[in-house]
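Undergrad: The structure's right below; bear with me while I get my questions together.
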Amino acid sequence: VQLQASGGGLVQAGGSLRLSCAASGRTFSNYALGWFRQAPGKEREFVSAISWNRGNTYYADSVKGRFTISRDIAKNTVYLQMNSLKPEDTAVYYCAANQISAWSGRRYYTDYKEYEYWGQGTQVTVSS
């Protein structure tokens, strides 16, 4: 499994960015695709996730209402639309993939330790 994240950059507070994660190497019909972020000196934290089959979405409270996750099955790509960005959103953003089942609870989507495959990360910097 290969995950290629892109779309990061420098933006002013209140601005928007769209991250992309191109996935390859297998079919993802029983997978969750997630976004995590890590700021310097901080632990990696959950941002958002989506189930590939059903499109169920999950968000951290800190981004709910500002970020939207989506997937394009034909392109094997997951997107993270980030609006109303804040300086505290500054971090390296990683996409990840985790095999799930129909009865997988929320933890399997939100806990980075459950994820098997990781992309290389893309830097998002929000200036005040």
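Simple scheme: letters A, B, ... for chains in structure tokens order, numbers from 1 for residues in each chain, numbers from 1 for ligands in the order shown.
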Could you pull the residues within 12 Å of Ser20 of chain A, counting only C-alpha atoms, minus those fewer than 5 positions along the same chain, as number ranges by chain?
TA: A: 3-8, 33-35, 68-72, 75-82, 93-96, 119, 121-122
Undergrad: Based on the selection just made, write N, CA, C and O atoms of those residues as an mmCIF file, in the first residue's frame.
TA:
data_model
loop_
_atom_site.group_PDB
_atom_site.id
_atom_site.type_symbol
_atom_site.label_atom_id
_atom_site.label_comp_id
_atom_site.auth_asym_id
_atom_site.auth_seq_id
_atom_site.Cartn_x
_atom_site.Cartn_y
_atom_site.Cartn_z
ATOM 1 N N LEU A 3 0.662 5.514 -0.007
ATOM 2 C CA LEU A 3 -0.179 6.682 0.231
ATOM 3 C C LEU A 3 0.658 7.917 -0.046
ATOM 4 O O LEU A 3 1.732 8.091 0.542
ATOM 5 N N GLN A 4 0.175 8.753 -0.933
ATOM 6 C CA GLN A 4 0.915 9.954 -1.327
ATOM 7 C C GLN A 4 0.084 11.178 -0.974
ATOM 8 O O GLN A 4 -0.924 11.451 -1.628
ATOM 9 N N ALA A 5 0.526 11.914 0.043
ATOM 10 C CA ALA A 5 -0.185 13.122 0.462
ATOM 11 C C ALA A 5 0.378 14.341 -0.246
ATOM 12 O O ALA A 5 1.583 14.430 -0.481
ATOM 13 N N SER A 6 -0.502 15.272 -0.547
ATOM 14 C CA SER A 6 -0.078 16.518 -1.188
ATOM 15 C C SER A 6 -1.075 17.617 -0.860
ATOM 16 O O SER A 6 -2.153 17.350 -0.312
ATOM 17 N N GLY A 7 -0.715 18.858 -1.207
ATOM 18 C CA GLY A 7 -1.639 19.964 -1.053
ATOM 19 C C GLY A 7 -1.339 20.903 0.092
ATOM 20 O O GLY A 7 -2.033 21.907 0.267
ATOM 21 N N GLY A 8 -0.329 20.597 0.888
ATOM 22 C CA GLY A 8 0.009 21.485 1.987
ATOM 23 C C GLY A 8 0.605 22.792 1.486
ATOM 24 O O GLY A 8 0.881 22.957 0.294
ATOM 25 N N LEU A 33 -9.688 5.436 5.671
ATOM 26 C CA LEU A 33 -8.612 6.350 5.315
ATOM 27 C C LEU A 33 -8.713 7.546 6.260
ATOM 28 O O LEU A 33 -9.793 8.132 6.396
ATOM 29 N N GLY A 34 -7.614 7.851 6.907
ATOM 30 C CA GLY A 34 -7.658 8.904 7.901
ATOM 31 C C GLY A 34 -6.594 9.957 7.687
ATOM 32 O O GLY A 34 -5.602 9.748 6.986
ATOM 33 N N TRP A 35 -6.833 11.105 8.288
ATOM 34 C CA TRP A 35 -5.857 12.191 8.342
ATOM 35 C C TRP A 35 -5.482 12.435 9.804
ATOM 36 O O TRP A 35 -6.362 12.529 10.670
ATOM 37 N N THR A 68 -13.666 19.147 5.963
ATOM 38 C CA THR A 68 -14.541 18.141 5.363
ATOM 39 C C THR A 68 -13.699 17.090 4.676
ATOM 40 O O THR A 68 -12.852 17.421 3.842
ATOM 41 N N ILE A 69 -13.936 15.836 5.018
ATOM 42 C CA ILE A 69 -13.230 14.725 4.376
ATOM 43 C C ILE A 69 -14.153 14.111 3.328
ATOM 44 O O ILE A 69 -15.383 14.037 3.530
ATOM 45 N N SER A 70 -13.561 13.693 2.228
ATOM 46 C CA SER A 70 -14.338 13.041 1.172
ATOM 47 C C SER A 70 -13.431 12.079 0.425
ATOM 48 O O SER A 70 -12.207 12.101 0.604
ATOM 49 N N ARG A 71 -14.049 11.205 -0.382
ATOM 50 C CA ARG A 71 -13.218 10.311 -1.186
ATOM 51 C C ARG A 71 -13.775 10.213 -2.585
ATOM 52 O O ARG A 71 -14.976 10.345 -2.809
ATOM 53 N N ASP A 72 -12.859 9.986 -3.512
ATOM 54 C CA ASP A 72 -13.219 9.753 -4.918
ATOM 55 C C ASP A 72 -12.791 8.324 -5.224
ATOM 56 O O ASP A 72 -11.603 8.047 -5.387
ATOM 57 N N LYS A 75 -10.835 7.593 -8.416
ATOM 58 C CA LYS A 75 -9.447 8.070 -8.418
ATOM 59 C C LYS A 75 -8.635 7.500 -7.265
ATOM 60 O O LYS A 75 -7.454 7.820 -7.130
ATOM 61 N N ASN A 76 -9.262 6.701 -6.408
ATOM 62 C CA ASN A 76 -8.571 6.158 -5.231
ATOM 63 C C ASN A 76 -7.902 7.271 -4.421
ATOM 64 O O ASN A 76 -6.744 7.152 -3.993
ATOM 65 N N THR A 77 -8.641 8.326 -4.218
ATOM 66 C CA THR A 77 -8.080 9.498 -3.554
ATOM 67 C C THR A 77 -9.016 9.983 -2.452
ATOM 68 O O THR A 77 -10.240 9.984 -2.624
ATOM 69 N N VAL A 78 -8.411 10.372 -1.355
ATOM 70 C CA VAL A 78 -9.143 10.976 -0.246
ATOM 71 C C VAL A 78 -8.723 12.444 -0.136
ATOM 72 O O VAL A 78 -7.551 12.767 -0.311
ATOM 73 N N TYR A 79 -9.700 13.293 0.136
ATOM 74 C CA TYR A 79 -9.447 14.725 0.240
ATOM 75 C C TYR A 79 -9.778 15.228 1.643
ATOM 76 O O TYR A 79 -10.661 14.692 2.306
ATOM 77 N N LEU A 80 -9.069 16.255 2.031
ATOM 78 C CA LEU A 80 -9.405 16.964 3.264
ATOM 79 C C LEU A 80 -9.496 18.449 2.927
ATOM 80 O O LEU A 80 -8.472 19.091 2.701
ATOM 81 N N GLN A 81 -10.718 18.944 2.853
ATOM 82 C CA GLN A 81 -10.937 20.361 2.605
ATOM 83 C C GLN A 81 -10.887 21.081 3.941
ATOM 84 O O GLN A 81 -11.680 20.774 4.843
ATOM 85 N N MET A 82 -9.964 22.023 4.047
ATOM 86 C CA MET A 82 -9.762 22.727 5.312
ATOM 87 C C MET A 82 -10.105 24.200 5.117
ATOM 88 O O MET A 82 -9.429 24.894 4.342
ATOM 89 N N TYR A 93 0.693 17.084 8.182
ATOM 90 C CA TYR A 93 -0.512 16.275 8.032
ATOM 91 C C TYR A 93 -0.171 14.975 7.311
ATOM 92 O O TYR A 93 0.479 14.994 6.264
ATOM 93 N N TYR A 94 -0.629 13.878 7.893
ATOM 94 C CA TYR A 94 -0.370 12.558 7.354
ATOM 95 C C TYR A 94 -1.684 11.872 6.988
ATOM 96 O O TYR A 94 -2.661 11.977 7.737
ATOM 97 N N CYS A 95 -1.683 11.168 5.874
ATOM 98 C CA CYS A 95 -2.804 10.292 5.604
ATOM 99 C C CYS A 95 -2.389 8.864 5.941
ATOM 100 O O CYS A 95 -1.205 8.514 5.883
ATOM 101 N N ALA A 96 -3.365 8.073 6.303
ATOM 102 C CA ALA A 96 -3.100 6.719 6.756
ATOM 103 C C ALA A 96 -4.263 5.824 6.383
ATOM 104 O O ALA A 96 -5.385 6.294 6.161
ATOM 105 N N GLY A 119 1.332 7.655 4.824
ATOM 106 C CA GLY A 119 1.981 8.441 3.782
ATOM 107 C C GLY A 119 3.105 9.269 4.379
ATOM 108 O O GLY A 119 3.374 9.218 5.587
ATOM 109 N N GLY A 121 3.495 12.626 4.643
ATOM 110 C CA GLY A 121 3.208 13.870 5.327
ATOM 111 C C GLY A 121 3.344 15.081 4.427
ATOM 112 O O GLY A 121 4.184 15.111 3.521
ATOM 113 N N THR A 122 2.532 16.077 4.704
ATOM 114 C CA THR A 122 2.607 17.344 3.983
ATOM 115 C C THR A 122 2.440 18.480 4.998
ATOM 116 O O THR A 122 1.586 18.412 5.874
#
Undergrad: Can you list, as a PyMOL selection string, every residue of chain A that DSSP puts in strand (DSSP E or B)?
TA: chain A and resi 2-6+9-12+17-24+31-38+45-51+57-59+67-72+77-82+91-99+117-118+122-127
Undergrad: Which residues are close to Glu43 of chain A, i.e. within 12 Å by only C-alpha atoms, leaving aside same-chain residues fewer than 2 positions away? Reply as an mmCIF file with N, CA and C atoms, in the first residue's frame.
TA:
data_model
loop_
_atom_site.group_PDB
_atom_site.id
_atom_site.type_symbol
_atom_site.label_atom_id
_atom_site.label_comp_id
_atom_site.auth_asym_id
_atom_site.auth_seq_id
_atom_site.Cartn_x
_atom_site.Cartn_y
_atom_site.Cartn_z
ATOM 1 N N PHE A 36 -4.193 12.530 10.015
ATOM 2 C CA PHE A 36 -3.657 12.853 11.325
ATOM 3 C C PHE A 36 -2.696 14.019 11.165
ATOM 4 N N ARG A 37 -2.368 14.674 12.253
ATOM 5 C CA ARG A 37 -1.412 15.767 12.181
ATOM 6 C C ARG A 37 -0.502 15.746 13.404
ATOM 7 N N GLN A 38 0.662 16.308 13.201
ATOM 8 C CA GLN A 38 1.624 16.364 14.287
ATOM 9 C C GLN A 38 2.368 17.686 14.231
ATOM 10 N N ALA A 39 2.239 18.443 15.299
ATOM 11 C CA ALA A 39 2.963 19.700 15.442
ATOM 12 C C ALA A 39 4.255 19.430 16.206
ATOM 13 N N PRO A 40 5.260 20.298 16.055
ATOM 14 C CA PRO A 40 6.527 20.098 16.755
ATOM 15 C C PRO A 40 6.329 19.974 18.263
ATOM 16 N N GLY A 41 6.910 18.923 18.829
ATOM 17 C CA GLY A 41 6.834 18.719 20.269
ATOM 18 C C GLY A 41 5.525 18.160 20.771
ATOM 19 N N GLU A 45 -2.030 13.540 16.356
ATOM 20 C CA GLU A 45 -3.427 13.566 16.748
ATOM 21 C C GLU A 45 -4.352 13.334 15.564
ATOM 22 N N PHE A 46 -5.485 12.779 15.870
ATOM 23 C CA PHE A 46 -6.508 12.482 14.868
ATOM 24 C C PHE A 46 -7.136 13.773 14.371
ATOM 25 N N ALA A 91 0.818 22.142 11.294
ATOM 26 C CA ALA A 91 1.346 20.817 11.609
ATOM 27 C C ALA A 91 1.739 20.123 10.312
ATOM 28 N N VAL A 92 2.395 18.995 10.448
ATOM 29 C CA VAL A 92 2.553 18.080 9.321
ATOM 30 C C VAL A 92 1.335 17.172 9.319
ATOM 31 N N ASP A 111 -7.771 6.307 16.385
ATOM 32 C CA ASP A 111 -6.533 6.023 17.120
ATOM 33 C C ASP A 111 -5.411 5.760 16.144
ATOM 34 N N TYR A 112 -4.378 6.596 16.130
ATOM 35 C CA TYR A 112 -3.327 6.446 15.128
ATOM 36 C C TYR A 112 -2.605 5.113 15.278
ATOM 37 N N LYS A 113 -2.619 4.542 16.464
ATOM 38 C CA LYS A 113 -1.927 3.269 16.680
ATOM 39 C C LYS A 113 -2.614 2.109 15.947
#
Undergrad: Between atom CA of Lys64 of chain A and atom CA of Thr125 of chain A, what is the distance in Å, rounded to a tenth?
TA: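 Rounded to one decimal, the two atoms are 19.0 Å apart.
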Undergrad: A:Ile100, A:Val63, A:Ser16, A:Tyr58: which is nearest Val124 of chain A, counting only C-alpha atoms?
TA: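 Between A:Ile100, A:Val63, A:Ser16, A:Tyr58, the residue approaching Val124 of chain A most closely is A:Ser16.
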Undergrad: Using the chain letters and numbers from this document, which residues of chain A does DSSP assign to alpha helix (DSSP H), as a JSON list (two decimals) with all heavy atoms, in the first residue's frame?
TA:
[["chain", "number", "residue", "atom", "x", "y", "z"],
["A", 107, "ARG", "N", -12.87, 3.85, 17.68],
["A", 107, "ARG", "CA", -11.44, 3.82, 17.99],
["A", 107, "ARG", "C", -10.61, 3.40, 16.78],
["A", 107, "ARG", "O", -9.49, 3.87, 16.61],
["A", 107, "ARG", "CB", -11.19, 2.87, 19.16],
["A", 107, "ARG", "CG", -9.72, 2.72, 19.53],
["A", 107, "ARG", "CD", -9.58, 1.92, 20.81],
["A", 107, "ARG", "NE", -9.98, 0.54, 20.64],
["A", 107, "ARG", "CZ", -9.16, -0.42, 20.21],
["A", 107, "ARG", "NH1", -7.92, -0.15, 19.91],
["A", 107, "ARG", "NH2", -9.59, -1.67, 20.12],
["A", 108, "TYR", "N", -11.17, 2.50, 15.96],
["A", 108, "TYR", "CA", -10.42, 2.02, 14.81],
["A", 108, "TYR", "C", -10.27, 3.10, 13.73],
["A", 108, "TYR", "O", -9.48, 2.94, 12.80],
["A", 108, "TYR", "CB", -11.09, 0.78, 14.23],
["A", 108, "TYR", "CG", -10.96, -0.40, 15.15],
["A", 108, "TYR", "CD1", -11.93, -0.66, 16.11],
["A", 108, "TYR", "CD2", -9.85, -1.24, 15.10],
["A", 108, "TYR", "CE1", -11.82, -1.73, 16.98],
["A", 108, "TYR", "CE2", -9.72, -2.30, 15.97],
["A", 108, "TYR", "CZ", -10.71, -2.54, 16.91],
["A", 108, "TYR", "OH", -10.57, -3.58, 17.78],
["A", 109, "TYR", "N", -11.02, 4.15, 13.86],
["A", 109, "TYR", "CA", -10.91, 5.26, 12.92],
["A", 109, "TYR", "C", -10.06, 6.40, 13.48],
["A", 109, "TYR", "O", -9.43, 7.14, 12.72],
["A", 109, "TYR", "CB", -12.30, 5.81, 12.59],
["A", 109, "TYR", "CG", -13.17, 4.86, 11.83],
["A", 109, "TYR", "CD1", -13.95, 3.92, 12.49],
["A", 109, "TYR", "CD2", -13.22, 4.89, 10.44],
["A", 109, "TYR", "CE1", -14.76, 3.04, 11.79],
["A", 109, "TYR", "CE2", -14.03, 4.03, 9.73],
["A", 109, "TYR", "CZ", -14.79, 3.10, 10.42],
["A", 109, "TYR", "OH", -15.59, 2.23, 9.72],
["A", 110, "THR", "N", -10.06, 6.55, 14.80],
["A", 110, "THR", "CA", -9.47, 7.75, 15.39],
["A", 110, "THR", "C", -8.14, 7.53, 16.10],
["A", 110, "THR", "O", -7.45, 8.51, 16.39],
["A", 110, "THR", "CB", -10.46, 8.36, 16.39],
["A", 110, "THR", "OG1", -10.69, 7.44, 17.46],
["A", 110, "THR", "CG2", -11.79, 8.69, 15.73]]
Undergrad: Please indicate the distance in Å from atom CA of Gly25 of chain A to atom CA of Gln120 of chain A, rounded to one decimal place.
TA: 15.6 Å
Undergrad: If we count only C-alpha atoms and set the cut-off at 8 Å, which residues sit around Ser128 of chain A, ignoring sequence neighbours fewer than 3 positions away in its own chain? Please answer as a PDB file with N, CA and C atoms, in the first residue's frame.
TA:
ATOM      1  N   GLN A  12      -2.775  32.186   5.184  1.00  0.00           N
ATOM      2  CA  GLN A  12      -3.112  33.079   6.295  1.00  0.00           C
ATOM      3  C   GLN A  12      -4.303  32.539   7.078  1.00  0.00           C
ATOM      4  N   ALA A  13      -4.383  32.943   8.316  1.00  0.00           N
ATOM      5  CA  ALA A  13      -5.523  32.544   9.135  1.00  0.00           C
ATOM      6  C   ALA A  13      -6.823  32.946   8.448  1.00  0.00           C
ATOM      7  N   LYS A  86      -6.753  28.072  11.249  1.00  0.00           N
ATOM      8  CA  LYS A  86      -6.247  28.805  12.404  1.00  0.00           C
ATOM      9  C   LYS A  86      -4.766  28.505  12.581  1.00  0.00           C
ATOM     10  N   PRO A  87      -4.023  29.380  13.229  1.00  0.00           N
ATOM     11  CA  PRO A  87      -2.597  29.089  13.466  1.00  0.00           C
ATOM     12  C   PRO A  87      -2.383  27.762  14.190  1.00  0.00           C
TER      13      PRO A  87
END
Undergrad: Counting only C-alpha atoms, figure out which residue out of A:Trp118, A:Gly105, A:Thr90, A:Gln99 gets nearest to Leu17 of chain A.
TA: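 For Leu17 of chain A, the nearest of the given residues is A:Thr90.
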Undergrad: Which value, in Å to one decimal, gives the distance between atom CA of Phe67 of chain A and atom CA of Cys21 of chain A?
TA: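 For atom CA of Phe67 of chain A relative to atom CA of Cys21 of chain A, the distance reads 15.0 Å.
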Undergrad: Check the smallest atom-to-atom distance from each of A:Ala97, A:Val1, A:Glu88, A:Tyr117 to Lys42 of chain A using only C-alpha atoms, then report the winner.
TA: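 Among the listed residues, A:Glu88 lies closest to Lys42 of chain A.
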Undergrad: Which of these, A:Leu85, A:Tyr115, A:Ala102, A:Ala74, has the shortest distance to Ser51 of chain A once you count only C-alpha atoms?
TA: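 Going through A:Leu85, A:Tyr115, A:Ala102, A:Ala74 one by one, the smallest distance to Ser51 of chain A is for A:Ala102.
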Undergrad: Out of A:Ala32, A:Ala23, A:Val126, A:Trp103, which residue has the shortest atom-to-atom distance to Asn56 of chain A when counting only C-alpha atoms?
TA: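 Distance minimum relative to Asn56 of chain A lands on A:Ala32.
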